[in-house]
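Participant: Contents of structure08.cif (mmCIF, C-alpha atoms) are below:
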data_structure
loop_
_atom_site.label_atom_id
_atom_site.label_comp_id
_atom_site.auth_asym_id
_atom_site.auth_seq_id
_atom_site.Cartn_x
_atom_site.Cartn_y
_atom_site.Cartn_z
CA MET G 1 -8.56 5.29 20.79
CA SER G 2 -12.16 4.73 19.76
CA ALA G 3 -13.37 2.94 16.63
CA GLU G 4 -15.82 5.75 15.83
CA ASN G 5 -12.90 8.17 15.40
CA ILE G 6 -11.08 5.91 12.89
CA TYR G 7 -11.43 6.82 9.22
CA ILE G 8 -9.51 6.81 5.96
CA ARG G 9 -9.16 9.59 3.44
CA ALA G 10 -7.09 10.45 0.41
CA LEU G 11 -4.05 12.47 1.37
CA THR G 12 -3.42 15.87 -0.19
CA PRO G 13 -0.18 17.76 -0.81
CA ASP G 14 -0.82 19.59 2.49
CA ASP G 15 -0.39 16.28 4.36
CA TRP G 16 3.18 15.84 3.12
CA GLN G 17 4.98 16.27 6.46
CA ASP G 18 2.82 13.72 8.28
CA LEU G 19 3.14 11.30 5.34
CA ARG G 20 6.92 11.69 5.33
CA THR G 21 7.19 11.15 9.09
CA ILE G 22 5.11 7.97 9.21
CA ARG G 23 6.65 6.49 6.03
CA ILE G 24 10.21 7.01 7.28
CA ARG G 25 9.27 5.46 10.64
CA ALA G 26 7.66 2.46 8.92
CA VAL G 27 10.59 1.82 6.59
CA LYS G 28 13.19 2.17 9.36
CA LYS G 29 11.32 -0.15 11.75
CA HIS G 30 10.46 -2.77 9.14
CA THR G 31 13.30 -3.09 6.62
CA ASN G 32 12.41 -6.78 6.48
CA VAL G 33 9.04 -6.21 4.76
CA PHE G 34 9.24 -2.95 2.79
CA LEU G 35 10.96 -2.73 -0.58
CA ALA G 36 12.33 0.69 0.32
CA ASP G 37 15.72 1.72 1.57
CA PRO G 38 15.50 3.82 4.78
CA LYS G 39 18.22 6.28 3.69
CA ASP G 40 16.68 6.78 0.22
CA THR G 41 13.26 7.27 1.82
CA GLU G 42 14.60 9.88 4.21
CA ASP G 43 16.42 11.76 1.42
CA LYS G 44 13.36 12.20 -0.82
CA PRO G 45 12.52 15.89 -1.44
CA LYS G 46 9.38 17.69 -0.30
CA GLU G 47 7.93 17.43 -3.84
CA HIS G 48 8.04 13.64 -3.66
CA TRP G 49 5.85 13.65 -0.55
CA GLN G 50 3.44 16.22 -2.02
CA ASP G 51 2.86 14.12 -5.15
CA VAL G 52 0.00 11.98 -3.80
CA SER G 53 -2.51 11.87 -6.68
CA GLY G 54 -2.79 11.53 -10.45
CA ASP G 55 -2.17 7.97 -11.70
CA LYS G 56 -1.82 7.04 -8.06
CA GLN G 57 -3.39 7.76 -4.71
CA VAL G 58 -2.00 7.74 -1.21
CA PHE G 59 -4.41 7.30 1.68
CA GLY G 60 -4.10 8.08 5.35
CA LEU G 61 -5.72 6.17 8.19
CA PHE G 62 -6.65 8.54 10.98
CA ASP G 63 -7.69 8.39 14.61
CA ASP G 64 -9.46 11.72 14.87
CA GLN G 65 -6.76 14.08 13.50
CA THR G 66 -3.76 11.78 14.10
CA LEU G 67 -2.29 9.90 11.14
CA ILE G 68 -1.99 6.27 12.30
CA GLY G 69 -1.51 4.49 9.00
CA ILE G 70 -0.82 4.91 5.30
CA THR G 71 -1.25 3.02 2.08
CA GLY G 72 -1.02 3.70 -1.61
CA VAL G 73 -1.86 2.44 -5.05
CA PHE G 74 0.25 3.37 -8.09
CA THR G 75 0.64 2.60 -11.77
CA TRP G 76 3.05 -0.35 -11.88
CA ARG G 77 6.29 0.71 -13.58
CA GLU G 78 6.88 -2.78 -14.97
CA ASP G 79 3.73 -2.62 -17.13
CA PRO G 80 4.74 -0.58 -20.21
CA ASP G 81 1.08 -0.10 -21.19
CA GLY G 82 0.10 1.34 -17.80
CA HIS G 83 -2.81 -1.09 -17.37
CA THR G 84 -1.73 -2.43 -13.99
CA GLY G 85 -2.00 -0.81 -10.60
CA ILE G 86 0.15 -1.92 -7.70
CA MET G 87 -0.70 -1.60 -4.03
CA ALA G 88 2.14 -0.66 -1.71
CA MET G 89 3.30 1.29 1.33
CA SER G 90 0.78 -0.17 3.77
CA TYR G 91 1.55 0.52 7.39
CA ILE G 92 -0.51 0.80 10.57
CA GLU G 93 0.99 1.98 13.84
CA PRO G 94 1.52 -0.98 16.22
CA ALA G 95 -1.07 0.17 18.79
CA TYR G 96 -3.77 0.01 16.09
CA ARG G 97 -2.96 -3.38 14.57
CA GLY G 98 -5.18 -6.42 14.91
CA LYS G 99 -8.38 -4.35 15.00
CA GLY G 100 -9.49 -4.89 11.39
CA TYR G 101 -8.34 -1.49 10.10
CA SER G 102 -6.36 -3.02 7.25
CA ALA G 103 -9.75 -3.72 5.61
CA LEU G 104 -10.18 0.06 5.29
CA LEU G 105 -6.83 0.25 3.49
CA TYR G 106 -7.83 -2.50 1.06
CA LYS G 107 -11.26 -1.00 0.41
CA ALA G 108 -9.85 2.46 -0.33
CA ARG G 109 -7.27 1.12 -2.79
CA ILE G 110 -9.61 -1.28 -4.55
CA ASP G 111 -12.34 1.38 -4.84
CA PHE G 112 -9.84 3.86 -6.32
CA SER G 113 -8.57 1.20 -8.73
CA LEU G 114 -12.07 0.34 -9.93
CA GLU G 115 -12.66 4.00 -10.77
CA TYR G 116 -9.28 4.46 -12.46
CA LYS G 117 -10.25 3.04 -15.86
CA PRO G 118 -6.76 2.64 -17.42
CA TRP G 119 -6.07 -0.20 -14.98
CA VAL G 120 -7.42 -3.66 -15.82
CA LYS G 121 -5.65 -5.49 -13.01
CA LEU G 122 -4.24 -4.77 -9.60
CA ARG G 123 -1.12 -6.34 -8.10
CA VAL G 124 0.20 -6.73 -4.59
CA SER G 125 2.97 -8.79 -3.02
CA HIS G 126 4.44 -9.86 0.29
CA ARG G 127 7.63 -11.33 1.62
CA ALA G 128 7.75 -15.01 2.56
CA GLY G 129 6.57 -15.45 6.12
CA ASN G 130 4.34 -12.36 6.21
CA GLU G 131 1.24 -14.37 7.04
CA ALA G 132 -0.92 -11.36 7.99
CA SER G 133 -0.40 -9.83 4.54
CA ARG G 134 -1.05 -13.14 2.79
CA ARG G 135 -4.35 -13.63 4.63
CA ALA G 136 -5.50 -10.07 3.88
CA MET G 137 -4.68 -10.41 0.18
CA ILE G 138 -6.62 -13.66 -0.16
CA LYS G 139 -9.53 -12.26 1.86
CA HIS G 140 -9.85 -9.36 -0.58
CA GLY G 141 -9.95 -11.56 -3.68
CA PHE G 142 -6.34 -11.55 -4.83
CA LYS G 143 -5.03 -14.71 -6.51
CA LEU G 144 -1.46 -15.95 -6.21
CA ILE G 145 0.24 -15.61 -9.61
CA GLY G 146 3.87 -16.33 -8.79
CA GLN G 147 6.89 -15.94 -6.62
CA LYS G 148 10.47 -14.86 -7.10
CA GLU G 149 13.56 -14.56 -5.00
CA ILE G 150 14.69 -10.94 -4.55
CA ASN G 151 17.15 -8.85 -2.56
CA TRP G 152 15.44 -7.08 0.34
CA PRO G 153 16.61 -3.76 1.81
CA ASP G 154 17.55 -5.52 5.06
CA GLY G 155 20.41 -7.18 3.14
CA THR G 156 18.85 -10.62 2.79
CA ARG G 157 17.53 -12.61 -0.14
CA ASP G 158 14.08 -14.11 0.20
CA LEU G 159 10.92 -14.97 -1.71
CA GLU G 160 8.36 -12.36 -2.72
CA TYR G 161 4.87 -13.76 -3.38
CA GLN G 162 2.87 -11.92 -6.06
CA TYR G 163 -0.91 -11.67 -6.31
CA GLU G 164 -3.34 -10.17 -8.79
CA LEU G 165 -6.95 -8.96 -8.82
CA ASP G 166 -8.89 -8.79 -12.11
CA LEU G 167 -10.44 -5.30 -12.14
CA LYS G 168 -12.25 -5.88 -15.45
CA ALA G 169 -14.11 -8.84 -13.96
CA LEU G 170 -14.97 -6.85 -10.83
CA ARG G 171 -16.31 -3.96 -12.90
CA THR G 172 -18.44 -6.33 -14.96
CA ALA G 173 -19.81 -8.04 -11.85
CA SER G 174 -20.94 -4.72 -10.32
#
Can you dump the structure from the file as C-alpha coordinates?

Facilitator:
Amino acid sequence: MSAENIYIRALTPDDWQDLRTIRIRAVKKHTNVFLADPKDTEDKPKEHWQDVSGDKQVFGLFDDQTLIGITGVFTWREDPDGHTGIMAMSYIEPAYRGKGYSALLYKARIDFSLEYKPWVKLRVSHRAGNEASRRAMIKHGFKLIGQKEINWPDGTRDLEYQYELDLKALRTAS
(Lines of atoms letter the chains of each structure in order from A and count residues from 1; the text may use other names and numbers.)
(Lines give C-alpha, C1' and ligand atoms only; values in the text may rest on other atoms or scores of the structure.)
Protein backbone atom coordinates (compact mmCIF):
# COMPACT_ATOMS: atom_id res chain seq x y z
CA MET A 1 0.00 0.00 0.00
CA SER A 2 1.55 3.24 -1.19
CA ALA A 3 -0.13 6.65 -1.30
CA GLU A 4 1.09 7.26 -4.86
CA ASN A 5 -0.98 4.29 -6.06
CA ILE A 6 -4.22 5.59 -4.48
CA TYR A 7 -6.68 7.32 -6.81
CA ILE A 8 -10.39 7.79 -7.38
CA ARG A 9 -12.30 7.46 -10.61
CA ALA A 10 -15.89 7.26 -11.80
CA LEU A 11 -17.02 3.67 -12.08
CA THR A 12 -18.35 2.32 -15.36
CA PRO A 13 -20.82 -0.49 -16.08
CA ASP A 14 -17.79 -2.77 -16.59
CA ASP A 15 -16.91 -2.34 -12.89
CA TRP A 16 -20.22 -3.84 -11.75
CA GLN A 17 -18.86 -7.05 -10.18
CA ASP A 18 -16.26 -5.26 -8.05
CA LEU A 19 -18.85 -2.65 -7.03
CA ARG A 20 -21.32 -5.37 -6.04
CA THR A 21 -18.71 -7.28 -4.02
CA ILE A 22 -17.49 -4.31 -2.00
CA ARG A 23 -20.99 -2.87 -1.43
CA ILE A 24 -22.35 -6.18 -0.14
CA ARG A 25 -19.33 -6.55 2.16
CA ALA A 26 -19.77 -3.00 3.48
CA VAL A 27 -23.49 -3.37 4.15
CA LYS A 28 -23.09 -6.77 5.83
CA LYS A 29 -20.24 -5.60 8.08
CA HIS A 30 -21.82 -2.28 9.01
CA THR A 31 -25.61 -2.65 9.29
CA ASN A 32 -25.39 -0.07 12.07
CA VAL A 33 -24.42 2.81 9.74
CA PHE A 34 -25.80 2.03 6.27
CA LEU A 35 -29.44 2.58 5.37
CA ALA A 36 -29.42 -0.59 3.28
CA ASP A 37 -30.64 -4.06 4.08
CA PRO A 38 -27.94 -6.72 3.46
CA LYS A 39 -30.37 -9.22 1.89
CA ASP A 40 -31.92 -6.60 -0.42
CA THR A 41 -28.43 -5.43 -1.41
CA GLU A 42 -27.33 -8.96 -2.25
CA ASP A 43 -30.49 -9.65 -4.29
CA LYS A 44 -30.13 -6.64 -6.61
CA PRO A 45 -29.77 -7.65 -10.29
CA LYS A 46 -26.72 -7.10 -12.48
CA GLU A 47 -28.44 -4.11 -14.14
CA HIS A 48 -28.65 -2.31 -10.81
CA TRP A 49 -24.88 -2.52 -10.37
CA GLN A 50 -24.21 -1.45 -13.97
CA ASP A 51 -26.33 1.70 -13.60
CA VAL A 52 -23.60 3.99 -12.26
CA SER A 53 -24.11 7.26 -14.16
CA GLY A 54 -26.78 9.65 -15.43
CA ASP A 55 -28.38 11.74 -12.67
CA LYS A 56 -25.94 10.04 -10.34
CA GLN A 57 -22.35 8.92 -10.19
CA VAL A 58 -20.64 6.13 -8.33
CA PHE A 59 -16.92 6.42 -7.69
CA GLY A 60 -14.32 3.84 -6.82
CA LEU A 61 -11.26 4.40 -4.65
CA PHE A 62 -8.38 2.30 -5.91
CA ASP A 63 -4.98 1.13 -4.73
CA ASP A 64 -3.39 0.44 -8.09
CA GLN A 65 -6.02 -1.85 -9.70
CA THR A 66 -7.71 -2.98 -6.45
CA LEU A 67 -11.03 -1.40 -5.48
CA ILE A 68 -10.62 -0.34 -1.83
CA GLY A 69 -13.54 2.02 -1.43
CA ILE A 70 -16.73 3.33 -2.98
CA THR A 71 -19.00 6.32 -2.77
CA GLY A 72 -21.87 7.78 -4.71
CA VAL A 73 -23.99 10.84 -5.27
CA PHE A 74 -27.59 10.58 -6.50
CA THR A 75 -30.66 12.68 -7.14
CA TRP A 76 -32.54 12.67 -3.83
CA ARG A 77 -35.87 10.86 -4.25
CA GLU A 78 -37.55 13.02 -1.61
CA ASP A 79 -37.09 16.20 -3.69
CA PRO A 80 -39.92 16.12 -6.27
CA ASP A 81 -38.21 18.84 -8.34
CA GLY A 82 -34.92 16.93 -8.59
CA HIS A 83 -32.86 19.90 -7.37
CA THR A 84 -31.14 18.06 -4.54
CA GLY A 85 -28.30 15.59 -4.70
CA ILE A 86 -27.61 13.18 -1.87
CA MET A 87 -24.28 11.62 -1.01
CA ALA A 88 -24.34 7.99 0.08
CA MET A 89 -22.69 4.58 0.00
CA SER A 90 -19.30 5.71 1.31
CA TYR A 91 -17.04 2.90 2.40
CA ILE A 92 -13.28 2.43 2.68
CA GLU A 93 -11.73 -0.94 3.47
CA PRO A 94 -10.51 -1.03 7.10
CA ALA A 95 -6.79 -1.28 6.21
CA TYR A 96 -7.05 2.05 4.36
CA ARG A 97 -8.97 4.09 6.93
CA GLY A 98 -7.47 6.96 8.88
CA LYS A 99 -5.16 7.98 6.03
CA GLY A 100 -7.17 10.93 4.71
CA TYR A 101 -8.65 9.10 1.71
CA SER A 102 -12.20 10.09 2.59
CA ALA A 103 -11.25 13.59 1.37
CA LEU A 104 -10.94 12.09 -2.13
CA LEU A 105 -14.47 10.72 -1.81
CA TYR A 106 -15.84 14.12 -0.77
CA LYS A 107 -13.96 15.97 -3.50
CA ALA A 108 -15.20 13.63 -6.24
CA ARG A 109 -18.83 13.92 -5.15
CA ILE A 110 -18.79 17.68 -4.61
CA ASP A 111 -17.02 18.27 -7.95
CA PHE A 112 -19.59 16.11 -9.76
CA SER A 113 -22.43 17.93 -7.98
CA LEU A 114 -21.09 21.36 -8.94
CA GLU A 115 -21.06 20.30 -12.60
CA TYR A 116 -24.52 18.71 -12.46
CA LYS A 117 -26.54 21.91 -12.91
CA PRO A 118 -30.03 20.63 -11.96
CA TRP A 119 -28.85 20.33 -8.35
CA VAL A 120 -28.85 23.47 -6.20
CA LYS A 121 -28.04 21.74 -2.92
CA LEU A 122 -26.35 18.60 -1.72
CA ARG A 123 -27.39 16.53 1.30
CA VAL A 124 -25.66 13.97 3.46
CA SER A 125 -26.45 12.35 6.79
CA HIS A 126 -25.01 10.15 9.50
CA ARG A 127 -26.21 8.07 12.39
CA ALA A 128 -25.86 9.40 15.93
CA GLY A 129 -22.44 8.51 17.28
CA ASN A 130 -20.68 8.35 13.90
CA GLU A 131 -18.17 11.01 14.84
CA ALA A 132 -15.82 10.39 11.89
CA SER A 133 -18.64 11.09 9.43
CA ARG A 134 -19.77 14.18 11.34
CA ARG A 135 -16.25 15.65 11.32
CA ALA A 136 -15.80 14.97 7.60
CA MET A 137 -19.13 16.58 6.73
CA ILE A 138 -18.35 19.74 8.69
CA LYS A 139 -14.82 19.87 7.26
CA HIS A 140 -16.24 19.89 3.73
CA GLY A 141 -18.65 22.76 4.37
CA PHE A 142 -21.88 20.96 5.17
CA LYS A 143 -24.23 22.62 7.68
CA LEU A 144 -26.44 20.72 10.10
CA ILE A 145 -30.09 21.24 9.09
CA GLY A 146 -31.91 18.74 11.28
CA GLN A 147 -32.24 15.36 12.86
CA LYS A 148 -34.88 12.67 13.00
CA GLU A 149 -35.32 9.33 14.64
CA ILE A 150 -35.46 6.47 12.13
CA ASN A 151 -35.43 2.67 11.98
CA TRP A 152 -32.01 1.35 11.00
CA PRO A 153 -31.44 -1.94 9.15
CA ASP A 154 -29.75 -3.40 12.25
CA GLY A 155 -33.19 -3.42 13.91
CA THR A 156 -32.67 -0.41 16.16
CA ARG A 157 -34.14 3.08 16.26
CA ASP A 158 -31.72 5.97 16.46
CA LEU A 159 -31.14 9.55 15.35
CA GLU A 160 -30.03 10.44 11.84
CA TYR A 161 -28.33 13.85 11.55
CA GLN A 162 -28.89 15.66 8.24
CA TYR A 163 -26.58 18.20 6.61
CA GLU A 164 -26.72 20.36 3.51
CA LEU A 165 -24.30 22.16 1.20
CA ASP A 166 -25.47 25.13 -0.90
CA LEU A 167 -24.23 24.37 -4.42
CA LYS A 168 -25.55 27.65 -5.85
CA ALA A 169 -23.43 29.63 -3.40
CA LEU A 170 -20.37 27.49 -4.18
CA ARG A 171 -20.84 28.00 -7.92
CA THR A 172 -21.15 31.75 -7.44
CA ALA A 173 -18.04 31.88 -5.25
CA SER A 174 -15.92 30.10 -7.89

Participant: As lines of an AutoDock Vina configuration file, what would the box around range 12-30 of chain G look like: edges along x, y and z, 3 Å added on every side, centre and edge lengths in Å to one decimal?

Facilitator:
center_x = 4.9
center_y = 8.4
center_z = 5.5
size_x = 22.6
size_y = 28.4
size_z = 18.6

Participant: Decode the PyMOL selection byres ((chain G and resi 116) around 12) for the given file into explicit residues and return them as an MDAnalysis selection string.

Facilitator: chainID G and resid 53:57 73:75 82:85 109:115 117:122 167:168 171

Participant: Just give me the gap between CA of Ala132 in chain G and CA of Ile86 in chain G in Å, one decimal is fine.

Facilitator: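 Value for the CA of Ala132 in chain G-CA of Ile86 in chain G distance: 18.3 Å.
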
Participant: Report, in Å with one decimal, the straight-line distance from CA of Asp64 in chain G to CA of Asp15 in chain G.

Facilitator: 14.6 Å

Participant: Please identify all polymer residues within 12 Å of range 37-42 of chain G, counting only C-alpha atoms, omitting same-chain residues fewer than 6 positions from it, and present them as a PyMOL selection string.

Facilitator: chain G and resi 17+19-31+48-49+89+151-155

Participant: Expand the PyMOL selection byres ((chain G and resi 142) around 6) into the individual residues it matches in the shown file, reporting them as a ChimeraX atom specification.

Facilitator: /G:137-138,140-141,143,163-165

Participant: When the PyMOL selection byres ((chain G and resi 96-102) around 12) is applied to the structure above, which residues does it catch, written out as a tab-separated table (two decimals) with C-alpha atoms, in the coordinates of the input?

Facilitator:
chain	number	residue	atom	x	y	z
G	1	MET	CA	-8.56	5.29	20.79
G	2	SER	CA	-12.16	4.73	19.76
G	3	ALA	CA	-13.37	2.94	16.63
G	4	GLU	CA	-15.82	5.75	15.83
G	5	ASN	CA	-12.90	8.17	15.40
G	6	ILE	CA	-11.08	5.91	12.89
G	7	TYR	CA	-11.43	6.82	9.22
G	8	ILE	CA	-9.51	6.81	5.96
G	59	PHE	CA	-4.41	7.30	1.68
G	60	GLY	CA	-4.10	8.08	5.35
G	61	LEU	CA	-5.72	6.17	8.19
G	62	PHE	CA	-6.65	8.54	10.98
G	63	ASP	CA	-7.69	8.39	14.61
G	66	THR	CA	-3.76	11.78	14.10
G	67	LEU	CA	-2.29	9.90	11.14
G	68	ILE	CA	-1.99	6.27	12.30
G	69	GLY	CA	-1.51	4.49	9.00
G	70	ILE	CA	-0.82	4.91	5.30
G	71	THR	CA	-1.25	3.02	2.08
G	90	SER	CA	0.78	-0.17	3.77
G	91	TYR	CA	1.55	0.52	7.39
G	92	ILE	CA	-0.51	0.80	10.57
G	93	GLU	CA	0.99	1.98	13.84
G	94	PRO	CA	1.52	-0.98	16.22
G	95	ALA	CA	-1.07	0.17	18.79
G	103	ALA	CA	-9.75	-3.72	5.61
G	104	LEU	CA	-10.18	0.06	5.29
G	105	LEU	CA	-6.83	0.25	3.49
G	106	TYR	CA	-7.83	-2.50	1.06
G	107	LYS	CA	-11.26	-1.00	0.41
G	108	ALA	CA	-9.85	2.46	-0.33
G	109	ARG	CA	-7.27	1.12	-2.79
G	132	ALA	CA	-0.92	-11.36	7.99
G	133	SER	CA	-0.40	-9.83	4.54
G	135	ARG	CA	-4.35	-13.63	4.63
G	136	ALA	CA	-5.50	-10.07	3.88
G	137	MET	CA	-4.68	-10.41	0.18
G	139	LYS	CA	-9.53	-12.26	1.86
G	140	HIS	CA	-9.85	-9.36	-0.58

Participant: What is the distance between CA of Thr12 in chain G and CA of Asp79 in chain G, in Å to one decimal?

Facilitator: 26.1 Å

Participant: Here is a test: counting all atoms listed in the file, which residue of G:Val58, G:Ala128, G:Val52, G:Leu170 is nearest to Ile150 in chain G?

Facilitator: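 Checking each candidate against Ile150 in chain G, we get G:Ala128 as the closest.
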